[in-house]
Amino acid sequence: MNTYRVVQVGCGAMAHKWVDIANERPDLEMIGLVDLNHATAEKCAESHKLPLSIVFDTLEEALSKAKPDIVFDITIPSAHYDVTLKALAAGCHVFGEKPMADTMDRAREMVTAAKASGKIYAVMQNRRYLPYQRSLRAFLESGGIGDISTVNADFYIGAHFGGFRDLMESPLVLDMAIHTFDQARQISGADPVAVYCHEHNPKGSWYRGNASATCIFEMTDGIVFNYRGSWCSEGLITSWESEWRVQGSKGSAKWDGVNNLEAEVISVAEGFMRKHESVEIPEIAMPLTGHDGCVDAMMTALHEGHDPETVCMENIKSLAMVHSAIESARTKERVEISI
Ligand SMILES: NC(=O)c1ccc[n+]([C@@H]2O[C@H](COP(=O)([O-])OP(=O)(O)OC[C@H]3O[C@@H](n4cnc5c(N)ncnc54)[C@H](O)[C@@H]3O)[C@@H](O)[C@H]2O)c1
């Protein structure tokens, strides 16, 4: 098995998980760390028992001196464009954190650059690698509740981050809802067609931008995906993975985003109110989950020579949901989603 040499850009909060993954996998070797703040990169190296000699001042320096095969981009959303284009131009694959980019134009350029380079640019969507979500998807795909018409997700969390999210214009939709929107694509097996979104900043919010949103997405196959979310919600919080309800022609399924999966289908098909019975949703076991599962899928794709599930050409559809929702919130109009 080939070992791929990695330079990681961005050594903040999320970075540590990626360094751990590189250190744990035999097919990855961490050979460079870069951060705008040199001390942050040094601290990251020290805390993972990596030599300080692998800390570089800039990505350019790391690319030319360390000559990596892969760049991990764990910088903030507005920096993903620059990092990805530079890394692809240097002949590297890029595995980057969500969201792909802070604008659709930039994301489209990143896709064009990835195609032209012949390298893989894939995006972290760790929630695609949750066993209960995979189980729900497989159950729906097998026709467990008939034809799907509606998917609902509720996300209510009170997250006091500090840092870049407190200053973003649309922190919930741009930095968080990308997860939920991408989950909706995986759960429904449908792609986005159009959206109407209303964003607002609740009373008492500690965010500068809008920290709450309600969106109605029209999806392919006539499916409607309803999203209600807030990042400044105190009490009765949901899971970070959201609470889900899926309506089908024969029944309904629910998932609390943690481990409670349930479904009911029609048992007696007559009467004013049909009778229903619980059905079991078979659980799918996954050896690697979350970030580990997603990086494993990226590495498997590299080894086998195909695109991973979250390759940029696919993932841009989830990003388009984000940017179209933001556009709709600003224009107060239904926005058709194009990638
Ligand atoms: N997948 C997930 O579940 C998940 C969870 C949290 C964060 N994230 C994503 O991870 C990314 C990083 O988030 P974070 O929470 O670690 O942020 P952070 O602010 O803690 O860290 C970002 C780091 O990147 C550095 N940086 C910024 N621009 C840079 C540049 N151009 N070159 C080099 N370094 C640069 C900063 O100095 C900082 O140290 C974001 O895209 C975020 O959305 C994903």
# chains A, B, ... in the order shown; residues from 1 in each chain; ligands from 1
$ closest_atom_pairs --of "chain A" --to "ligand 1" --cutoff "9 Å" --atoms "only C-alpha atoms and all ligand atoms" --output "tab-separated table"
residue	atom	partner	partner_atom_place_in_ligand_line	distance
A:Gln8	CA	ligand 1	33 (C)	8.9
A:Val9	CA	ligand 1	33 (C)	5.2
A:Gly10	CA	ligand 1	24 (O)	3.6
A:Cys11	CA	ligand 1	39 (O)	4.8
A:Gly12	CA	ligand 1	21 (O)	3.3
A:Ala13	CA	ligand 1	16 (O)	3.8
A:Met14	CA	ligand 1	16 (O)	3.6
A:Ala15	CA	ligand 1	16 (O)	5.5
A:His16	CA	ligand 1	16 (O)	8.3
A:Val34	CA	ligand 1	33 (C)	5.7
A:Asp35	CA	ligand 1	34 (N)	3.6
A:Leu36	CA	ligand 1	34 (N)	4.2
A:Asn37	CA	ligand 1	37 (O)	5.2
A:His38	CA	ligand 1	37 (O)	8.4
A:Thr40	CA	ligand 1	39 (O)	6.1
A:Ala41	CA	ligand 1	39 (O)	7.5
A:Asp57	CA	ligand 1	33 (C)	8.6
A:Thr58	CA	ligand 1	33 (C)	7.0
A:Leu59	CA	ligand 1	32 (N)	7.0
A:Asp73	CA	ligand 1	11 (C)	7.8
A:Ile74	CA	ligand 1	11 (C)	4.7
A:Thr75	CA	ligand 1	24 (O)	3.7
A:Ile76	CA	ligand 1	40 (C)	4.3
A:Pro77	CA	ligand 1	41 (O)	4.5
A:Ser78	CA	ligand 1	28 (N)	7.6
A:Ala79	CA	ligand 1	31 (N)	4.9
A:His80	CA	ligand 1	41 (O)	7.5
A:Asp82	CA	ligand 1	31 (N)	7.2
A:Val83	CA	ligand 1	31 (N)	6.6
A:Gly96	CA	ligand 1	41 (O)	7.9
A:Glu97	CA	ligand 1	41 (O)	5.0
A:Lys98	CA	ligand 1	41 (O)	5.1
A:Pro99	CA	ligand 1	41 (O)	5.8
A:Met100	CA	ligand 1	41 (O)	7.9
A:Ala101	CA	ligand 1	41 (O)	8.6
A:Met124	CA	ligand 1	1 (N)	5.8
A:Gln125	CA	ligand 1	1 (N)	6.0
A:Asn126	CA	ligand 1	1 (N)	5.8
A:Arg127	CA	ligand 1	3 (O)	7.8
A:Phe161	CA	ligand 1	15 (O)	8.7
A:Gly163	CA	ligand 1	19 (O)	6.3
A:Phe164	CA	ligand 1	19 (O)	6.3
A:Arg165	CA	ligand 1	19 (O)	8.6
A:Leu174	CA	ligand 1	43 (O)	8.5
A:Asp175	CA	ligand 1	43 (O)	5.3
A:Met176	CA	ligand 1	43 (O)	7.3
A:His179	CA	ligand 1	1 (N)	7.8
A:Gly290	CA	ligand 1	3 (O)	8.3
A:His291	CA	ligand 1	1 (N)	7.1
$ residues_around --residues "Ser212 in chain A" --least-positions-apart "4" --cutoff "9 Å" --atoms "only C-alpha atoms" --output "PDB file with all heavy atoms, in the first residue's frame"
ATOM      1  N   TYR A 156     -31.373  22.585  16.992  1.00  0.00           N
ATOM      2  CA  TYR A 156     -31.418  23.668  17.998  1.00  0.00           C
ATOM      3  C   TYR A 156     -30.299  23.465  19.010  1.00  0.00           C
ATOM      4  O   TYR A 156     -30.349  22.552  19.840  1.00  0.00           O
ATOM      5  CB  TYR A 156     -32.790  23.692  18.696  1.00  0.00           C
ATOM      6  CG  TYR A 156     -33.858  24.206  17.765  1.00  0.00           C
ATOM      7  CD1 TYR A 156     -34.651  23.334  17.029  1.00  0.00           C
ATOM      8  CD2 TYR A 156     -34.035  25.571  17.568  1.00  0.00           C
ATOM      9  CE1 TYR A 156     -35.596  23.802  16.124  1.00  0.00           C
ATOM     10  CE2 TYR A 156     -34.976  26.060  16.672  1.00  0.00           C
ATOM     11  CZ  TYR A 156     -35.744  25.161  15.949  1.00  0.00           C
ATOM     12  OH  TYR A 156     -36.662  25.636  15.059  1.00  0.00           O
ATOM     13  N   SER A 170     -23.698  34.839   8.084  1.00  0.00           N
ATOM     14  CA  SER A 170     -24.700  33.759   8.183  1.00  0.00           C
ATOM     15  C   SER A 170     -24.048  32.548   8.838  1.00  0.00           C
ATOM     16  O   SER A 170     -23.831  31.520   8.191  1.00  0.00           O
ATOM     17  CB  SER A 170     -25.193  33.381   6.783  1.00  0.00           C
ATOM     18  OG  SER A 170     -25.830  34.456   6.169  1.00  0.00           O
ATOM     19  N   PRO A 171     -23.698  32.667  10.130  1.00  0.00           N
ATOM     20  CA  PRO A 171     -22.912  31.588  10.738  1.00  0.00           C
ATOM     21  C   PRO A 171     -23.611  30.234  10.680  1.00  0.00           C
ATOM     22  O   PRO A 171     -22.986  29.228  10.365  1.00  0.00           O
ATOM     23  CB  PRO A 171     -22.720  32.057  12.189  1.00  0.00           C
ATOM     24  CG  PRO A 171     -23.784  33.071  12.427  1.00  0.00           C
ATOM     25  CD  PRO A 171     -24.040  33.715  11.105  1.00  0.00           C
ATOM     26  N   LEU A 172     -24.908  30.206  10.970  1.00  0.00           N
ATOM     27  CA  LEU A 172     -25.608  28.909  11.002  1.00  0.00           C
ATOM     28  C   LEU A 172     -25.649  28.277   9.616  1.00  0.00           C
ATOM     29  O   LEU A 172     -25.274  27.120   9.432  1.00  0.00           O
ATOM     30  CB  LEU A 172     -27.043  29.092  11.520  1.00  0.00           C
ATOM     31  CG  LEU A 172     -27.846  27.795  11.493  1.00  0.00           C
ATOM     32  CD1 LEU A 172     -27.443  26.878  12.629  1.00  0.00           C
ATOM     33  CD2 LEU A 172     -29.343  28.059  11.523  1.00  0.00           C
ATOM     34  N   VAL A 173     -26.108  29.040   8.632  1.00  0.00           N
ATOM     35  CA  VAL A 173     -26.318  28.438   7.306  1.00  0.00           C
ATOM     36  C   VAL A 173     -24.977  28.142   6.636  1.00  0.00           C
ATOM     37  O   VAL A 173     -24.792  27.081   6.040  1.00  0.00           O
ATOM     38  CB  VAL A 173     -27.213  29.338   6.417  1.00  0.00           C
ATOM     39  CG1 VAL A 173     -27.360  28.727   5.028  1.00  0.00           C
ATOM     40  CG2 VAL A 173     -28.584  29.501   7.059  1.00  0.00           C
ATOM     41  N   HIS A 198     -35.776  31.856   5.199  1.00  0.00           N
ATOM     42  CA  HIS A 198     -35.877  33.060   6.029  1.00  0.00           C
ATOM     43  C   HIS A 198     -34.840  32.939   7.140  1.00  0.00           C
ATOM     44  O   HIS A 198     -34.865  31.976   7.917  1.00  0.00           O
ATOM     45  CB  HIS A 198     -37.284  33.184   6.630  1.00  0.00           C
ATOM     46  CG  HIS A 198     -37.423  34.379   7.518  1.00  0.00           C
ATOM     47  ND1 HIS A 198     -37.605  35.647   7.025  1.00  0.00           N
ATOM     48  CD2 HIS A 198     -37.363  34.511   8.862  1.00  0.00           C
ATOM     49  CE1 HIS A 198     -37.660  36.509   8.023  1.00  0.00           C
ATOM     50  NE2 HIS A 198     -37.516  35.836   9.158  1.00  0.00           N
ATOM     51  N   GLU A 199     -33.907  33.900   7.188  1.00  0.00           N
ATOM     52  CA  GLU A 199     -32.888  33.913   8.252  1.00  0.00           C
ATOM     53  C   GLU A 199     -33.247  35.003   9.255  1.00  0.00           C
ATOM     54  O   GLU A 199     -33.760  36.047   8.871  1.00  0.00           O
ATOM     55  CB  GLU A 199     -31.529  34.322   7.668  1.00  0.00           C
ATOM     56  CG  GLU A 199     -30.669  33.219   7.137  1.00  0.00           C
ATOM     57  CD  GLU A 199     -29.267  33.743   6.829  1.00  0.00           C
ATOM     58  OE1 GLU A 199     -29.140  34.817   6.197  1.00  0.00           O
ATOM     59  OE2 GLU A 199     -28.310  33.090   7.228  1.00  0.00           O
ATOM     60  N   HIS A 200     -32.921  34.789  10.522  1.00  0.00           N
ATOM     61  CA  HIS A 200     -33.052  35.881  11.488  1.00  0.00           C
ATOM     62  C   HIS A 200     -32.067  35.680  12.633  1.00  0.00           C
ATOM     63  O   HIS A 200     -31.505  34.591  12.791  1.00  0.00           O
ATOM     64  CB  HIS A 200     -34.483  36.028  11.989  1.00  0.00           C
ATOM     65  CG  HIS A 200     -34.933  34.909  12.890  1.00  0.00           C
ATOM     66  ND1 HIS A 200     -35.197  33.644  12.432  1.00  0.00           N
ATOM     67  CD2 HIS A 200     -35.155  34.879  14.220  1.00  0.00           C
ATOM     68  CE1 HIS A 200     -35.581  32.878  13.434  1.00  0.00           C
ATOM     69  NE2 HIS A 200     -35.552  33.601  14.534  1.00  0.00           N
ATOM     70  N   ASN A 201     -31.860  36.755  13.390  1.00  0.00           N
ATOM     71  CA  ASN A 201     -30.967  36.662  14.540  1.00  0.00           C
ATOM     72  C   ASN A 201     -31.817  36.806  15.792  1.00  0.00           C
ATOM     73  O   ASN A 201     -32.375  37.879  16.046  1.00  0.00           O
ATOM     74  CB  ASN A 201     -29.900  37.764  14.469  1.00  0.00           C
ATOM     75  CG  ASN A 201     -28.638  37.351  15.215  1.00  0.00           C
ATOM     76  OD1 ASN A 201     -28.452  36.170  15.527  1.00  0.00           O
ATOM     77  ND2 ASN A 201     -27.788  38.319  15.507  1.00  0.00           N
ATOM     78  N   PRO A 202     -31.994  35.723  16.557  1.00  0.00           N
ATOM     79  CA  PRO A 202     -32.935  35.752  17.685  1.00  0.00           C
ATOM     80  C   PRO A 202     -32.566  36.793  18.741  1.00  0.00           C
ATOM     81  O   PRO A 202     -31.392  37.189  18.857  1.00  0.00           O
ATOM     82  CB  PRO A 202     -32.835  34.352  18.271  1.00  0.00           C
ATOM     83  CG  PRO A 202     -32.207  33.522  17.232  1.00  0.00           C
ATOM     84  CD  PRO A 202     -31.332  34.433  16.426  1.00  0.00           C
ATOM     85  N   ARG A 228     -35.330  23.581  10.033  1.00  0.00           N
ATOM     86  CA  ARG A 228     -35.498  24.648  11.034  1.00  0.00           C
ATOM     87  C   ARG A 228     -34.279  24.575  11.936  1.00  0.00           C
ATOM     88  O   ARG A 228     -34.001  23.501  12.505  1.00  0.00           O
ATOM     89  CB  ARG A 228     -36.754  24.422  11.879  1.00  0.00           C
ATOM     90  CG  ARG A 228     -38.024  24.364  11.048  1.00  0.00           C
ATOM     91  CD  ARG A 228     -39.253  24.287  11.915  1.00  0.00           C
ATOM     92  NE  ARG A 228     -39.299  23.092  12.751  1.00  0.00           N
ATOM     93  CZ  ARG A 228     -40.318  22.742  13.517  1.00  0.00           C
ATOM     94  NH1 ARG A 228     -41.383  23.528  13.585  1.00  0.00           N
ATOM     95  NH2 ARG A 228     -40.297  21.633  14.243  1.00  0.00           N
ATOM     96  N   GLY A 229     -33.532  25.679  12.043  1.00  0.00           N
ATOM     97  CA  GLY A 229     -32.308  25.586  12.825  1.00  0.00           C
ATOM     98  C   GLY A 229     -31.959  26.856  13.575  1.00  0.00           C
ATOM     99  O   GLY A 229     -32.354  27.961  13.182  1.00  0.00           O
ATOM    100  N   SER A 230     -31.241  26.673  14.681  1.00  0.00           N
ATOM    101  CA  SER A 230     -30.707  27.823  15.414  1.00  0.00           C
ATOM    102  C   SER A 230     -29.426  27.405  16.122  1.00  0.00           C
ATOM    103  O   SER A 230     -29.335  26.298  16.672  1.00  0.00           O
ATOM    104  CB  SER A 230     -31.702  28.322  16.451  1.00  0.00           C
ATOM    105  OG  SER A 230     -31.111  29.391  17.162  1.00  0.00           O
ATOM    106  N   TRP A 231     -28.456  28.324  16.110  1.00  0.00           N
ATOM    107  CA  TRP A 231     -27.200  28.096  16.816  1.00  0.00           C
ATOM    108  C   TRP A 231     -27.182  28.910  18.106  1.00  0.00           C
ATOM    109  O   TRP A 231     -26.190  28.942  18.798  1.00  0.00           O
ATOM    110  CB  TRP A 231     -26.019  28.482  15.907  1.00  0.00           C
ATOM    111  CG  TRP A 231     -25.010  27.390  15.796  1.00  0.00           C
ATOM    112  CD1 TRP A 231     -24.987  26.203  16.480  1.00  0.00           C
ATOM    113  CD2 TRP A 231     -23.862  27.370  14.943  1.00  0.00           C
ATOM    114  NE1 TRP A 231     -23.905  25.448  16.096  1.00  0.00           N
ATOM    115  CE2 TRP A 231     -23.199  26.135  15.169  1.00  0.00           C
ATOM    116  CE3 TRP A 231     -23.316  28.266  14.023  1.00  0.00           C
ATOM    117  CZ2 TRP A 231     -22.023  25.792  14.501  1.00  0.00           C
ATOM    118  CZ3 TRP A 231     -22.159  27.908  13.366  1.00  0.00           C
ATOM    119  CH2 TRP A 231     -21.516  26.683  13.604  1.00  0.00           C
ATOM    120  N   CYS A 232     -28.297  29.598  18.391  1.00  0.00           N
ATOM    121  CA  CYS A 232     -28.324  30.302  19.686  1.00  0.00           C
ATOM    122  C   CYS A 232     -29.632  29.981  20.372  1.00  0.00           C
ATOM    123  O   CYS A 232     -30.469  30.816  20.646  1.00  0.00           O
ATOM    124  CB  CYS A 232     -28.007  31.778  19.525  1.00  0.00           C
ATOM    125  SG  CYS A 232     -29.251  32.884  19.126  1.00  0.00           S
ATOM    126  N   SER A 233     -29.768  28.694  20.685  1.00  0.00           N
ATOM    127  CA  SER A 233     -30.978  28.177  21.299  1.00  0.00           C
ATOM    128  C   SER A 233     -30.602  27.589  22.656  1.00  0.00           C
ATOM    129  O   SER A 233     -29.779  26.672  22.732  1.00  0.00           O
ATOM    130  CB  SER A 233     -31.534  27.094  20.384  1.00  0.00           C
ATOM    131  OG  SER A 233     -32.534  26.392  21.045  1.00  0.00           O
TER     132      SER A 233
END
$ atom_distance --atom1 "CA of Glu270 in chain A" --atom2 "CA of Val224 in chain A"
26.8 Å
$ select_by_dssp --residues "range 23-227 of chain A" --states "alpha helix (DSSP H)" --output "number ranges by chain"
A: 23-24, 38-47, 59-66, 80-89, 104-117, 131-141, 177-188
$ residues_around --residues "Val311 in chain A" --least-positions-apart "4" --cutoff "7 Å" --atoms "only C-alpha atoms" --output "PyMOL selection string"
chain A and resi 120-123+307+315
$ residues_around --residues "Pro26 in chain A" --least-positions-apart "4" --cutoff "10 Å" --atoms "only C-alpha atoms" --output "list in words"
Met1, Asn2, Thr3, Tyr4, Ile21 and Ala22 of chain A
$ residues_around --residues "Val258 in chain A" --least-positions-apart "2" --cutoff "10 Å" --atoms "only C-alpha atoms" --output "PyMOL selection string"
chain A and resi 130-133+238-243+255-256+260-261
$ write_last_selection --atoms "all heavy atoms" --output "short mmCIF file (atom, residue, chain, number, x, y, z; two decimals), in the first residue's frame"
data_model
loop_
_atom_site.label_atom_id
_atom_site.label_comp_id
_atom_site.auth_asym_id
_atom_site.auth_seq_id
_atom_site.Cartn_x
_atom_site.Cartn_y
_atom_site.Cartn_z
N LEU A 130 -22.01 8.15 9.74
CA LEU A 130 -22.65 7.80 11.00
C LEU A 130 -23.48 6.53 10.76
O LEU A 130 -24.32 6.51 9.85
CB LEU A 130 -23.59 8.93 11.45
CG LEU A 130 -22.89 10.25 11.81
CD1 LEU A 130 -23.93 11.35 12.04
CD2 LEU A 130 -22.03 10.07 13.05
N PRO A 131 -23.25 5.48 11.54
CA PRO A 131 -23.94 4.21 11.28
C PRO A 131 -25.47 4.35 11.27
O PRO A 131 -26.13 3.74 10.43
CB PRO A 131 -23.48 3.31 12.43
CG PRO A 131 -22.20 3.91 12.89
CD PRO A 131 -22.26 5.38 12.63
N TYR A 132 -26.02 5.16 12.19
CA TYR A 132 -27.49 5.26 12.23
C TYR A 132 -28.02 5.99 11.00
O TYR A 132 -29.10 5.69 10.50
CB TYR A 132 -27.95 5.94 13.52
CG TYR A 132 -27.86 5.00 14.71
CD1 TYR A 132 -26.72 4.99 15.52
CD2 TYR A 132 -28.89 4.12 14.99
CE1 TYR A 132 -26.62 4.12 16.58
CE2 TYR A 132 -28.80 3.23 16.06
CZ TYR A 132 -27.66 3.23 16.85
OH TYR A 132 -27.57 2.36 17.89
N GLN A 133 -27.25 6.96 10.52
CA GLN A 133 -27.69 7.67 9.31
C GLN A 133 -27.64 6.74 8.10
O GLN A 133 -28.53 6.73 7.26
CB GLN A 133 -26.82 8.91 9.10
CG GLN A 133 -27.32 9.79 7.96
CD GLN A 133 -26.67 11.14 7.96
OE1 GLN A 133 -26.68 11.83 8.97
NE2 GLN A 133 -26.08 11.53 6.84
N THR A 238 -31.27 19.94 20.52
CA THR A 238 -31.27 18.69 19.73
C THR A 238 -29.84 18.17 19.69
O THR A 238 -28.92 18.80 20.21
CB THR A 238 -31.72 18.97 18.28
OG1 THR A 238 -30.74 19.83 17.67
CG2 THR A 238 -33.10 19.60 18.22
N SER A 239 -29.65 17.06 19.02
CA SER A 239 -28.28 16.61 18.79
C SER A 239 -27.66 17.49 17.70
O SER A 239 -28.38 18.15 16.93
CB SER A 239 -28.28 15.15 18.32
OG SER A 239 -28.93 15.06 17.06
N TRP A 240 -26.34 17.48 17.60
CA TRP A 240 -25.65 18.21 16.52
C TRP A 240 -26.00 17.63 15.16
O TRP A 240 -25.84 18.27 14.13
CB TRP A 240 -24.13 18.16 16.73
CG TRP A 240 -23.65 19.11 17.78
CD1 TRP A 240 -23.66 18.89 19.12
CD2 TRP A 240 -23.12 20.43 17.58
NE1 TRP A 240 -23.16 20.00 19.77
CE2 TRP A 240 -22.81 20.95 18.85
CE3 TRP A 240 -22.87 21.22 16.45
CZ2 TRP A 240 -22.28 22.22 19.02
CZ3 TRP A 240 -22.32 22.48 16.62
CH2 TRP A 240 -22.05 22.97 17.90
N GLU A 241 -26.48 16.40 15.16
CA GLU A 241 -26.81 15.72 13.89
C GLU A 241 -28.24 16.01 13.47
O GLU A 241 -28.70 15.54 12.44
CB GLU A 241 -26.59 14.21 14.04
CG GLU A 241 -25.13 13.79 14.12
CD GLU A 241 -24.45 14.17 15.44
OE1 GLU A 241 -25.17 14.37 16.46
OE2 GLU A 241 -23.22 14.27 15.48
N SER A 242 -28.99 16.79 14.30
CA SER A 242 -30.38 17.19 14.05
C SER A 242 -31.36 16.05 14.35
O SER A 242 -30.98 14.88 14.40
CB SER A 242 -30.63 17.65 12.62
OG SER A 242 -29.81 18.73 12.29
N GLU A 243 -32.62 16.44 14.55
CA GLU A 243 -33.69 15.46 14.72
C GLU A 243 -34.43 15.35 13.38
O GLU A 243 -34.80 16.37 12.79
CB GLU A 243 -34.67 15.92 15.80
CG GLU A 243 -34.10 15.77 17.19
CD GLU A 243 -35.01 16.29 18.29
OE1 GLU A 243 -36.14 16.74 18.00
OE2 GLU A 243 -34.56 16.27 19.45
N TRP A 255 -35.49 9.80 13.46
CA TRP A 255 -34.16 9.57 14.03
C TRP A 255 -33.82 10.80 14.86
O TRP A 255 -33.96 11.93 14.39
CB TRP A 255 -33.12 9.38 12.90
CG TRP A 255 -31.71 9.20 13.37
CD1 TRP A 255 -31.30 8.44 14.42
CD2 TRP A 255 -30.53 9.79 12.82
NE1 TRP A 255 -29.93 8.51 14.55
CE2 TRP A 255 -29.44 9.32 13.58
CE3 TRP A 255 -30.28 10.66 11.75
CZ2 TRP A 255 -28.12 9.72 13.32
CZ3 TRP A 255 -28.98 11.04 11.49
CH2 TRP A 255 -27.91 10.56 12.26
N ASP A 256 -33.35 10.56 16.10
CA ASP A 256 -33.03 11.70 16.97
C ASP A 256 -31.61 12.23 16.71
O ASP A 256 -31.13 13.12 17.41
CB ASP A 256 -33.20 11.33 18.45
CG ASP A 256 -32.23 10.24 18.90
OD1 ASP A 256 -31.40 9.77 18.08
OD2 ASP A 256 -32.30 9.85 20.08
N ASN A 260 -31.57 6.72 18.38
CA ASN A 260 -32.96 6.23 18.33
C ASN A 260 -33.54 6.35 16.94
O ASN A 260 -33.90 7.43 16.50
CB ASN A 260 -33.81 7.03 19.33
CG ASN A 260 -33.49 6.64 20.74
OD1 ASN A 260 -33.45 5.46 21.08
ND2 ASN A 260 -33.21 7.63 21.57
N LEU A 261 -33.61 5.20 16.28
CA LEU A 261 -34.20 5.13 14.95
C LEU A 261 -35.53 4.41 15.09
O LEU A 261 -35.59 3.34 15.71
CB LEU A 261 -33.33 4.24 14.06
CG LEU A 261 -32.24 4.83 13.20
CD1 LEU A 261 -31.55 3.71 12.43
CD2 LEU A 261 -32.79 5.86 12.23
#
$ residues_around --residues "Lys49 in chain A" --least-positions-apart "5" --cutoff "12 Å" --atoms "only C-alpha atoms" --output "ChimeraX atom specification"
/A:16,19-20,23,30,42-44,54
$ atom_distance --atom1 "CA of Ala297 in chain A" --atom2 "CA of Asp69 in chain A"
16.9 Å
$ closest_residue --among "A:Phe217, A:Phe72, A:Tyr207, A:Tyr196" --to "Val7 in chain A" --atoms "only C-alpha atoms"
A:Phe72
$ closest_atom_pairs --of "range 204-291 of chain A" --to "range 134-137 of chain A" --cutoff "9 Å" --atoms "only C-alpha atoms" --output "CSV"
residue,atom,partner,partner_atom,distance
A:Ala253,CA,A:Leu136,CA,8.2
A:Lys254,CA,A:Leu136,CA,8.7
A:Trp255,CA,A:Leu136,CA,8.0
A:Leu261,CA,A:Leu136,CA,7.4
A:Ile281,CA,A:Ser135,CA,6.9
A:Pro282,CA,A:Ser135,CA,6.4
A:Glu283,CA,A:Ser135,CA,5.3
A:Ile284,CA,A:Ser135,CA,5.3
A:Ala285,CA,A:Ser135,CA,8.6
$ select_by_dssp --residues "range 101-318 of chain A" --states "strand (DSSP E)" --output "PyMOL selection string"
chain A and resi 121-123+148-156+192-200+212-219+224-230+243-248+251-255+261-268+275-279
$ atom_distance --atom1 "CA of Thr150 in chain A" --atom2 "CA of Leu319 in chain A"
20.8 Å
$ decode --residues "range 327-339 of chain A" --atoms "N, CA, C and O atoms" --output "mmCIF file, in the first residue's frame"
data_model
loop_
_atom_site.group_PDB
_atom_site.id
_atom_site.type_symbol
_atom_site.label_atom_id
_atom_site.label_comp_id
_atom_site.auth_asym_id
_atom_site.auth_seq_id
_atom_site.Cartn_x
_atom_site.Cartn_y
_atom_site.Cartn_z
ATOM 1 N N GLU A 327 -28.932 33.415 -0.402
ATOM 2 C CA GLU A 327 -29.451 34.357 -1.407
ATOM 3 C C GLU A 327 -30.959 34.565 -1.227
ATOM 4 O O GLU A 327 -31.464 35.695 -1.277
ATOM 5 N N SER A 328 -31.668 33.481 -0.990
ATOM 6 C CA SER A 328 -33.114 33.582 -0.793
ATOM 7 C C SER A 328 -33.433 34.431 0.438
ATOM 8 O O SER A 328 -34.354 35.252 0.419
ATOM 9 N N ALA A 329 -32.662 34.221 1.510
ATOM 10 C CA ALA A 329 -32.904 35.001 2.730
ATOM 11 C C ALA A 329 -32.706 36.497 2.456
ATOM 12 O O ALA A 329 -33.427 37.333 2.999
ATOM 13 N N ARG A 330 -31.734 36.807 1.587
ATOM 14 C CA ARG A 330 -31.461 38.233 1.326
ATOM 15 C C ARG A 330 -32.499 38.819 0.380
ATOM 16 O O ARG A 330 -32.928 39.951 0.556
ATOM 17 N N THR A 331 -32.903 38.038 -0.647
ATOM 18 C CA THR A 331 -33.832 38.580 -1.655
ATOM 19 C C THR A 331 -35.286 38.371 -1.256
ATOM 20 O O THR A 331 -36.180 38.944 -1.861
ATOM 21 N N LYS A 332 -35.519 37.501 -0.262
ATOM 22 C CA LYS A 332 -36.886 37.131 0.155
ATOM 23 C C LYS A 332 -37.628 36.464 -0.991
ATOM 24 O O LYS A 332 -38.838 36.632 -1.143
ATOM 25 N N GLU A 333 -36.905 35.763 -1.848
ATOM 26 C CA GLU A 333 -37.531 35.094 -2.987
ATOM 27 C C GLU A 333 -37.099 33.638 -3.063
ATOM 28 O O GLU A 333 -36.042 33.265 -2.541
ATOM 29 N N ARG A 334 -37.913 32.826 -3.745
ATOM 30 C CA ARG A 334 -37.536 31.437 -4.031
ATOM 31 C C ARG A 334 -36.360 31.460 -5.005
ATOM 32 O O ARG A 334 -36.385 32.189 -5.991
ATOM 33 N N VAL A 335 -35.321 30.670 -4.702
ATOM 34 C CA VAL A 335 -34.131 30.676 -5.559
ATOM 35 C C VAL A 335 -33.947 29.288 -6.176
ATOM 36 O O VAL A 335 -33.955 28.277 -5.458
ATOM 37 N N GLU A 336 -33.828 29.239 -7.499
ATOM 38 C CA GLU A 336 -33.531 27.960 -8.156
ATOM 39 C C GLU A 336 -32.061 27.634 -7.930
ATOM 40 O O GLU A 336 -31.201 28.522 -8.016
ATOM 41 N N ILE A 337 -31.765 26.385 -7.647
ATOM 42 C CA ILE A 337 -30.399 26.011 -7.255
ATOM 43 C C ILE A 337 -29.636 25.469 -8.457
ATOM 44 O O ILE A 337 -30.052 24.494 -9.069
ATOM 45 N N SER A 338 -28.545 26.161 -8.800
ATOM 46 C CA SER A 338 -27.708 25.650 -9.900
ATOM 47 C C SER A 338 -26.278 25.504 -9.390
ATOM 48 O O SER A 338 -25.843 26.234 -8.504
ATOM 49 N N ILE A 339 -25.560 24.542 -9.976
ATOM 50 C CA ILE A 339 -24.189 24.343 -9.483
ATOM 51 C C ILE A 339 -23.161 24.766 -10.538
ATOM 52 O O ILE A 339 -23.481 25.023 -11.647
#
